[in-house]
file my_file.csv (CSV, C-alpha atoms)
chain,number,residue,atom,x,y,z
A,1,MET,CA,-191.8,-101.6,4.5
A,2,ALA,CA,-189.8,-99.4,6.9
A,3,LEU,CA,-191.0,-98.4,10.3
A,4,PRO,CA,-192.4,-94.8,10.4
A,5,ALA,CA,-190.4,-91.9,11.8
A,6,ASN,CA,-190.5,-91.3,15.6
A,7,GLY,CA,-192.3,-88.0,15.0
A,8,ASP,CA,-195.3,-89.9,13.6
A,9,PHE,CA,-195.9,-92.0,16.7
A,10,PRO,CA,-199.3,-91.3,18.3
A,11,GLN,CA,-199.3,-89.0,21.3
A,12,ASN,CA,-198.7,-91.1,24.4
A,13,GLY,CA,-199.2,-88.2,26.8
A,14,SER,CA,-202.8,-87.8,25.7
A,15,LEU,CA,-203.8,-91.5,25.8
A,16,ALA,CA,-206.8,-91.7,28.0
A,17,GLY,CA,-207.0,-95.5,28.1
A,18,ARG,CA,-205.9,-98.7,26.6
A,19,TRP,CA,-207.7,-102.0,27.0
A,20,LYS,CA,-205.8,-104.9,25.4
A,21,LEU,CA,-208.6,-107.4,26.2
A,22,ASP,CA,-206.2,-110.3,26.0
A,23,GLU,CA,-206.9,-111.9,29.4
A,24,ALA,CA,-208.5,-115.3,29.4
A,25,SER,CA,-211.5,-114.4,31.6
A,26,GLY,CA,-213.0,-112.2,34.3
A,27,THR,CA,-212.3,-108.5,34.6
A,28,ARG,CA,-209.9,-107.1,32.0
A,29,ALA,CA,-207.0,-104.9,33.2
A,30,ASP,CA,-205.8,-101.8,31.5
A,31,SER,CA,-202.2,-101.2,30.5
A,32,VAL,CA,-202.5,-97.4,31.1
A,33,GLY,CA,-203.4,-96.5,34.7
A,34,SER,CA,-205.9,-98.7,36.6
A,35,LEU,CA,-209.0,-98.5,34.4
A,36,THR,CA,-210.1,-102.1,34.9
A,37,LEU,CA,-213.2,-103.2,33.1
A,38,THR,CA,-216.2,-105.0,34.5
A,39,ASP,CA,-217.0,-108.2,32.6
A,40,ASN,CA,-220.8,-108.2,32.0
A,41,ASN,CA,-222.4,-111.6,31.3
A,42,THR,CA,-219.0,-113.3,31.2
A,43,VAL,CA,-217.2,-112.3,28.0
A,44,GLY,CA,-215.0,-115.1,26.8
A,45,SER,CA,-211.8,-115.1,24.8
A,46,THR,CA,-210.6,-116.5,21.6
A,47,THR,CA,-207.4,-116.5,19.5
A,48,GLY,CA,-206.9,-112.9,18.2
A,49,ILE,CA,-204.2,-110.7,16.7
A,50,ASN,CA,-201.1,-109.4,18.3
A,51,GLU,CA,-198.8,-106.5,17.6
A,52,ALA,CA,-196.8,-108.3,14.9
A,53,ASN,CA,-199.9,-109.5,13.1
A,54,ALA,CA,-199.5,-113.0,14.4
A,55,SER,CA,-202.4,-115.2,15.6
A,56,SER,CA,-201.2,-116.0,19.1
A,57,ALA,CA,-202.7,-113.3,21.3
A,58,LEU,CA,-206.2,-113.5,22.8
A,59,ALA,CA,-209.1,-111.2,22.0
A,60,ALA,CA,-212.4,-110.7,23.8
A,61,ASN,CA,-215.2,-112.8,22.2
A,62,PHE,CA,-218.6,-111.1,22.4
A,63,VAL,CA,-221.7,-113.3,21.9
A,64,ILE,CA,-224.7,-111.1,20.9
A,65,ALA,CA,-227.3,-113.6,22.1
A,66,ASN,CA,-225.9,-113.2,25.6
A,67,SER,CA,-225.7,-109.4,25.6
A,68,GLU,CA,-222.0,-109.5,26.6
A,69,TYR,CA,-220.0,-106.3,27.1
A,70,PHE,CA,-217.4,-104.6,29.3
A,71,SER,CA,-218.1,-101.4,31.3
A,72,ARG,CA,-216.3,-98.9,33.4
A,73,ALA,CA,-218.0,-96.5,35.8
A,74,ASP,CA,-217.9,-92.8,34.9
A,75,GLU,CA,-214.8,-90.9,36.0
A,76,ALA,CA,-212.6,-88.1,34.7
A,77,ALA,CA,-210.2,-90.5,33.0
A,78,VAL,CA,-213.0,-91.8,30.7
A,79,SER,CA,-214.7,-88.5,30.0
A,80,LEU,CA,-215.0,-86.6,26.8
A,81,THR,CA,-212.9,-83.4,27.1
A,82,GLY,CA,-213.0,-82.2,23.5
A,83,ASP,CA,-210.9,-83.6,20.7
A,84,MET,CA,-210.9,-87.4,20.5
A,85,SER,CA,-209.4,-90.4,18.7
A,86,ALA,CA,-210.4,-94.0,19.2
A,87,PHE,CA,-209.2,-97.2,17.6
A,88,ALA,CA,-209.6,-101.0,18.0
A,89,TRP,CA,-209.0,-104.3,16.2
A,90,VAL,CA,-212.4,-105.9,15.5
A,91,LYS,CA,-213.7,-109.0,13.7
A,92,ALA,CA,-217.5,-109.2,13.1
A,93,ASN,CA,-219.4,-112.5,13.1
A,94,GLN,CA,-222.1,-111.1,10.8
A,95,SER,CA,-222.9,-108.0,8.7
A,96,PRO,CA,-225.3,-105.5,10.4
A,97,SER,CA,-228.7,-106.1,9.0
A,98,ASP,CA,-231.3,-104.5,11.4
A,99,GLU,CA,-228.7,-104.4,14.1
A,100,ALA,CA,-226.2,-101.7,15.2
A,101,PHE,CA,-223.1,-103.4,16.6
A,102,ALA,CA,-221.5,-101.0,19.2
A,103,ILE,CA,-217.8,-100.9,19.4
A,104,ILE,CA,-217.3,-98.3,22.1
A,105,SER,CA,-219.7,-95.9,23.8
A,106,LYS,CA,-220.6,-93.5,26.6
A,107,TYR,CA,-224.3,-93.3,26.1
A,108,ASP,CA,-227.5,-94.0,28.0
A,109,ASP,CA,-231.1,-93.3,27.3
A,110,ALA,CA,-231.3,-90.4,29.7
A,111,ASP,CA,-227.7,-89.3,29.8
A,112,ARG,CA,-226.2,-89.3,26.3
A,113,SER,CA,-222.7,-88.4,25.1
A,114,TRP,CA,-221.3,-90.4,22.1
A,115,TYR,CA,-221.0,-93.8,20.5
A,116,PHE,CA,-219.1,-95.5,17.7
A,117,ASP,CA,-220.7,-98.5,16.0
A,118,TYR,CA,-220.9,-100.7,12.9
A,119,SER,CA,-224.4,-100.5,11.5
A,120,GLU,CA,-226.7,-100.6,8.5
A,121,ASP,CA,-227.0,-97.9,5.9
A,122,GLY,CA,-229.9,-98.4,3.6
A,123,GLY,CA,-229.1,-102.0,2.9
A,124,GLY,CA,-225.3,-101.6,3.2
A,125,SER,CA,-223.0,-101.3,6.2
A,126,ARG,CA,-221.2,-98.4,7.7
A,127,LEU,CA,-218.9,-97.1,10.5
A,128,TYR,CA,-221.0,-94.6,12.4
A,129,PHE,CA,-220.2,-91.9,15.0
A,130,HIS,CA,-222.9,-90.1,17.1
A,131,ILE,CA,-222.3,-87.2,19.4
A,132,ARG,CA,-224.6,-84.9,21.5
A,133,ASP,CA,-223.8,-81.4,22.6
A,134,SER,CA,-224.7,-79.6,25.9
A,135,ASP,CA,-228.1,-78.5,24.5
A,136,GLY,CA,-229.1,-82.1,23.7
A,137,ASP,CA,-228.7,-81.6,19.9
A,138,SER,CA,-227.0,-84.5,18.1
A,139,SER,CA,-224.8,-85.0,15.1
A,140,ASN,CA,-224.4,-88.3,13.2
A,141,GLU,CA,-221.5,-88.9,10.9
A,142,PHE,CA,-220.8,-92.1,9.0
A,143,VAL,CA,-218.9,-93.7,6.1
A,144,THR,CA,-219.8,-96.8,4.0
A,145,ALA,CA,-217.7,-99.7,5.2
A,146,ASP,CA,-217.9,-103.5,4.9
A,147,LEU,CA,-215.7,-105.1,7.5
A,148,GLY,CA,-216.5,-108.6,6.3
A,149,THR,CA,-216.5,-111.6,8.7
A,150,THR,CA,-213.2,-113.4,7.9
A,151,GLU,CA,-210.4,-111.2,9.3
A,152,TYR,CA,-209.6,-108.6,11.8
A,153,LYS,CA,-209.8,-104.9,10.8
A,154,HIS,CA,-208.2,-102.0,12.6
A,155,VAL,CA,-211.0,-99.4,12.8
A,156,GLY,CA,-211.4,-96.0,14.4
A,157,PHE,CA,-212.2,-92.4,14.1
A,158,THR,CA,-210.6,-89.0,14.8
A,159,MET,CA,-212.6,-85.9,15.9
A,160,ASP,CA,-211.4,-82.3,15.8
A,161,ILE,CA,-213.8,-80.1,17.8
A,162,ASP,CA,-212.4,-76.8,16.5
A,163,THR,CA,-212.8,-77.6,12.8
A,164,PRO,CA,-215.2,-79.4,13.5
A,165,ASN,CA,-214.4,-82.6,11.6
A,166,VAL,CA,-214.6,-86.4,11.9
A,167,LYS,CA,-212.5,-88.9,9.9
A,168,PHE,CA,-213.0,-92.6,9.7
A,169,TRP,CA,-210.2,-95.2,9.3
A,170,ILE,CA,-209.7,-98.8,8.4
A,171,ASN,CA,-206.3,-100.4,8.5
A,172,GLY,CA,-204.6,-97.0,8.6
A,173,VAL,CA,-206.4,-95.6,5.5
A,174,GLN,CA,-209.0,-92.8,5.7
A,175,GLN,CA,-212.4,-94.0,4.4
A,176,GLY,CA,-214.3,-91.6,2.3
A,177,ALA,CA,-214.2,-87.8,2.7
A,178,THR,CA,-213.7,-85.9,6.0
A,179,GLN,CA,-217.1,-85.4,7.6
A,180,ALA,CA,-218.1,-81.9,8.9
A,181,ILE,CA,-219.8,-82.2,12.3
A,182,ASN,CA,-223.0,-80.1,12.6
A,183,GLY,CA,-224.2,-78.5,15.8
A,184,ASP,CA,-222.5,-76.9,18.8
A,185,VAL,CA,-220.0,-79.7,19.3
A,186,ASP,CA,-217.4,-77.4,21.0
A,187,ASN,CA,-219.8,-77.9,23.9
A,188,ALA,CA,-219.9,-81.6,23.5
A,189,ARG,CA,-221.8,-83.2,26.4
A,190,ASP,CA,-220.0,-85.6,28.7
A,191,SER,CA,-222.3,-88.3,29.9
A,192,ALA,CA,-222.2,-89.6,33.5
A,193,GLY,CA,-223.0,-93.0,32.2
A,194,ASP,CA,-220.7,-95.9,31.9
A,195,PHE,CA,-217.9,-96.2,29.3
A,196,ARG,CA,-218.6,-99.5,27.5
A,197,ILE,CA,-216.8,-101.7,25.0
A,198,GLY,CA,-219.2,-103.9,23.0
A,199,ALA,CA,-222.5,-102.3,23.9
A,200,MET,CA,-224.4,-99.0,24.3
A,201,ASP,CA,-227.7,-97.6,25.7
A,202,ASN,CA,-230.3,-99.3,27.9
A,203,ALA,CA,-227.8,-100.1,30.7
A,204,GLY,CA,-225.5,-101.8,28.2
A,205,ILE,CA,-227.8,-104.5,26.9
A,206,ALA,CA,-228.7,-103.0,23.5
A,207,ASN,CA,-226.8,-102.9,20.2
A,208,CYS,CA,-224.2,-105.4,21.4
A,209,TRP,CA,-221.1,-106.3,19.4
A,210,ASP,CA,-221.1,-109.8,17.8
A,211,GLY,CA,-217.6,-111.0,17.3
A,212,GLN,CA,-214.2,-110.2,18.6
A,213,ILE,CA,-212.5,-106.9,19.8
A,214,GLN,CA,-208.9,-106.5,20.8
A,215,ASP,CA,-206.8,-103.5,22.0
A,216,VAL,CA,-209.1,-100.5,22.4
A,217,LEU,CA,-207.2,-97.2,22.5
A,218,TRP,CA,-208.7,-93.8,23.3
A,219,TRP,CA,-206.9,-90.4,23.0
A,220,ASN,CA,-208.2,-87.0,24.1
A,221,VAL,CA,-206.5,-85.5,21.0
A,222,THR,CA,-207.0,-85.6,17.3
A,223,LEU,CA,-204.4,-87.9,15.8
A,224,THR,CA,-202.8,-86.8,12.6
A,225,ASP,CA,-203.1,-88.9,9.4
A,226,ALA,CA,-199.4,-89.9,9.8
A,227,GLU,CA,-200.1,-90.9,13.4
A,228,VAL,CA,-203.1,-93.1,12.5
A,229,LEU,CA,-201.0,-94.8,9.8
A,230,THR,CA,-198.2,-95.4,12.3
A,231,LEU,CA,-200.6,-96.8,14.8
A,232,TYR,CA,-201.6,-99.4,12.3
A,233,GLN,CA,-198.1,-100.0,11.0
A,234,VAL,CA,-196.6,-100.8,14.3
A,235,TYR,CA,-198.8,-103.8,14.5
A,236,THR,CA,-198.3,-105.0,11.0
A,237,VAL,CA,-194.6,-104.3,10.4
A,238,PRO,CA,-192.5,-106.7,12.6
A,239,PRO,CA,-189.7,-104.4,13.8
A,240,SER,CA,-186.1,-105.6,13.6
A,241,GLY,CA,-183.9,-105.1,16.7
A,242,VAL,CA,-186.5,-103.0,18.6
A,243,PRO,CA,-189.4,-103.8,20.9
A,244,SER,CA,-192.6,-104.9,19.0
A,245,GLY,CA,-195.8,-103.1,18.6
A,246,LEU,CA,-197.0,-100.3,21.0
A,247,ALA,CA,-193.9,-100.7,23.2
A,248,LEU,CA,-192.5,-98.4,20.6
A,249,LEU,CA,-195.0,-95.7,21.7
A,250,GLY,CA,-194.1,-96.1,25.4
A,251,VAL,CA,-197.6,-97.2,26.3
A,252,GLY,CA,-196.9,-100.8,27.4
A,253,ASN,CA,-196.9,-104.0,25.4
call {"tool": "encode", "arguments": {"input": "my_file.csv", "output": "structure tokens"}}
result
Amino acid sequence: MALPANGDFPQNGSLAGRWKLDEASGTRADSVGSLTLTDNNTVGSTTGINEANASSALAANFVIANSEYFSRADEAAVSLTGDMSAFAWVKANQSPSDEAFAIISKYDDADRSWYFDYSEDGGGSRLYFHIRDSDGDSSNEFVTADLGTTEYKHVGFTMDIDTPNVKFWINGVQQGATQAINGDVDNARDSAGDFRIGAMDNAGIANCWDGQIQDVLWWNVTLTDAEVLTLYQVYTVPPSGVPSGLALLGVGN
């Protein structure tokens, strides 16, 4: 498989944040800017996945019984400004039964904006995106998805405010049909609450992730289909004679 064309690389200039989550312990530094994350309840590490699809890098290991998560206080750099794309490598320890396993969020009981999770759908499982507008109305979009418990999956969503549409992705492939967002989402509400990885709501102790997460990326643009595929491919296609992984995108390695 050849590397994608340069024109299909995701938009580096609109990357709001990248959290590799490959430090062994303590706070987790960001490769873009200085968006260091607070480690709540001491998230550990385990062998993960790296940008050439090897098993040598570390990943954050979230234990649901300990309500473990990462957080970042609200600021402009982690605010919803309109269009949005977010992706991460995840490996679940269990299927969501009565639980909703949060992947990333910016959502509190009294100050709600959005969240992205892996949750139950009438006995099955799904990837789920929730967003609220400035009037407090909400829209919920989802796609049936079984992530299993044996391997890492590259999951995410893209949101186009103008259309308005949401697409869900696993391993570079769109899942199901494009979802039409309802409500006044062009006035999407930006919460003053924390940005979180691995939890949402109730000060970060509810709906926690159970398993591993590595390399969370968030853009304030809607990535194209080709860009999403490229984002996945630069991990899984070992380049020859060029830097590996996201170094190709100019966003650190």
call {"tool": "atom_distance", "arguments": {"input": "my_file.csv", "atom1": "CA of Asn40 (chain A)", "atom2": "CA of Phe62 (chain A)"}}
result
10.3 Å
call {"tool": "residues_around", "arguments": {"input": "my_file.csv", "residues": "Glu151 (chain A)", "least_positions_apart": "3", "cutoff": "9 Å", "atoms": "all atoms listed in the file", "output": "list in words"}}
result
Val90, Lys91, Ala92, Leu147 and Gly148 of chain A
call {"tool": "residues_near_point", "arguments": {"input": "my_file.csv", "point": "(-229.9, -102.5, 17.0)", "cutoff": "12 Å", "atoms": "all atoms listed in the file", "output": "PDB file with C-alpha atoms, in the frame of the given file"}}
result
ATOM      1  CA  ILE A  64    -224.700-111.100  20.900  1.00  0.00           C
ATOM      2  CA  SER A  67    -225.700-109.400  25.600  1.00  0.00           C
ATOM      3  CA  PRO A  96    -225.300-105.500  10.400  1.00  0.00           C
ATOM      4  CA  SER A  97    -228.700-106.100   9.000  1.00  0.00           C
ATOM      5  CA  ASP A  98    -231.300-104.500  11.400  1.00  0.00           C
ATOM      6  CA  GLU A  99    -228.700-104.400  14.100  1.00  0.00           C
ATOM      7  CA  ALA A 100    -226.200-101.700  15.200  1.00  0.00           C
ATOM      8  CA  PHE A 101    -223.100-103.400  16.600  1.00  0.00           C
ATOM      9  CA  ALA A 102    -221.500-101.000  19.200  1.00  0.00           C
ATOM     10  CA  ASP A 117    -220.700 -98.500  16.000  1.00  0.00           C
ATOM     11  CA  TYR A 118    -220.900-100.700  12.900  1.00  0.00           C
ATOM     12  CA  SER A 119    -224.400-100.500  11.500  1.00  0.00           C
ATOM     13  CA  GLU A 120    -226.700-100.600   8.500  1.00  0.00           C
ATOM     14  CA  ALA A 199    -222.500-102.300  23.900  1.00  0.00           C
ATOM     15  CA  MET A 200    -224.400 -99.000  24.300  1.00  0.00           C
ATOM     16  CA  ASP A 201    -227.700 -97.600  25.700  1.00  0.00           C
ATOM     17  CA  ASN A 202    -230.300 -99.300  27.900  1.00  0.00           C
ATOM     18  CA  ILE A 205    -227.800-104.500  26.900  1.00  0.00           C
ATOM     19  CA  ALA A 206    -228.700-103.000  23.500  1.00  0.00           C
ATOM     20  CA  ASN A 207    -226.800-102.900  20.200  1.00  0.00           C
ATOM     21  CA  CYS A 208    -224.200-105.400  21.400  1.00  0.00           C
ATOM     22  CA  TRP A 209    -221.100-106.300  19.400  1.00  0.00           C
ATOM     23  CA  ASP A 210    -221.100-109.800  17.800  1.00  0.00           C
TER      24      ASP A 210
END
call {"tool": "closest_residue", "arguments": {"input": "my_file.csv", "among": "A:Asp83, A:Val63, A:Tyr115, A:Ser138", "to": "Asp162 (chain A)", "atoms": "all atoms listed in the file"}}
result
A:Asp83
call {"tool": "closest_atom_pairs", "arguments": {"input": "my_file.csv", "of": "region 79-164 of chain A", "to": "region 17-28 of chain A", "cutoff": "10 Å", "atoms": "only C-alpha atoms", "output": "CSV"}}
result
residue,atom,partner,partner_atom,distance
A:Ala86,CA,A:Gly17,CA,9.6
A:Phe87,CA,A:Arg18,CA,9.7
A:Ala88,CA,A:Lys20,CA,9.2
A:Trp89,CA,A:Lys20,CA,9.8
call {"tool": "residues_around", "arguments": {"input": "my_file.csv", "residues": "Asn220 (chain A)", "least_positions_apart": "6", "cutoff": "12 Å", "atoms": "only C-alpha atoms", "output": "number ranges by chain"}}
result
A: 10-17, 76-86, 158-161
call {"tool": "atom_distance", "arguments": {"input": "my_file.csv", "atom1": "CA of Leu127 (chain A)", "atom2": "CA of Asn66 (chain A)"}}
result
23.2 Å
call {"tool": "residues_near_point", "arguments": {"input": "my_file.csv", "point": "(-219.5, -92.9, 35.3)", "cutoff": "9 Å", "atoms": "all atoms listed in the file", "output": "list in words"}}
result
Arg72, Ala73, Asp74, Glu75, Ala76, Val78, Ser79, Lys106, Ser191, Ala192, Gly193, Asp194 and Phe195 of chain A
call {"tool": "write_last_selection", "arguments": {"input": "my_file.csv", "atoms": "C-alpha atoms", "output": "compact mmCIF listing (two decimals), in the frame of the given file"}}
result
# COMPACT_ATOMS: atom_id res chain seq x y z
CA ARG A 72 -216.30 -98.90 33.40
CA ALA A 73 -218.00 -96.50 35.80
CA ASP A 74 -217.90 -92.80 34.90
CA GLU A 75 -214.80 -90.90 36.00
CA ALA A 76 -212.60 -88.10 34.70
CA VAL A 78 -213.00 -91.80 30.70
CA SER A 79 -214.70 -88.50 30.00
CA LYS A 106 -220.60 -93.50 26.60
CA SER A 191 -222.30 -88.30 29.90
CA ALA A 192 -222.20 -89.60 33.50
CA GLY A 193 -223.00 -93.00 32.20
CA ASP A 194 -220.70 -95.90 31.90
CA PHE A 195 -217.90 -96.20 29.30
call {"tool": "atom_distance", "arguments": {"input": "my_file.csv", "atom1": "CA of Ala145 (chain A)", "atom2": "CA of Asp190 (chain A)"}}
result
27.5 Å
call {"tool": "closest_residue", "arguments": {"input": "my_file.csv", "among": "A:Ser125, A:Gln179, A:Asn171, A:Asn61", "to": "Tyr232 (chain A)", "atoms": "all atoms listed in the file"}}
result
A:Asn171
call {"tool": "closest_residue", "arguments": {"input": "my_file.csv", "among": "A:Gly198, A:Tyr235, A:Trp218, A:Val155", "to": "Thr38 (chain A)", "atoms": "all atoms listed in the file"}}
result
A:Gly198
call {"tool": "closest_residue", "arguments": {"input": "my_file.csv", "among": "A:Val234, A:Leu35, A:Val143, A:Ala60", "to": "Thr47 (chain A)", "atoms": "only C-alpha atoms"}}
result
A:Ala60
call {"tool": "closest_residue", "arguments": {"input": "my_file.csv", "among": "A:Leu217, A:Leu37, A:Thr222, A:Thr149", "to": "Thr163 (chain A)", "atoms": "all atoms listed in the file"}}
result
A:Thr222
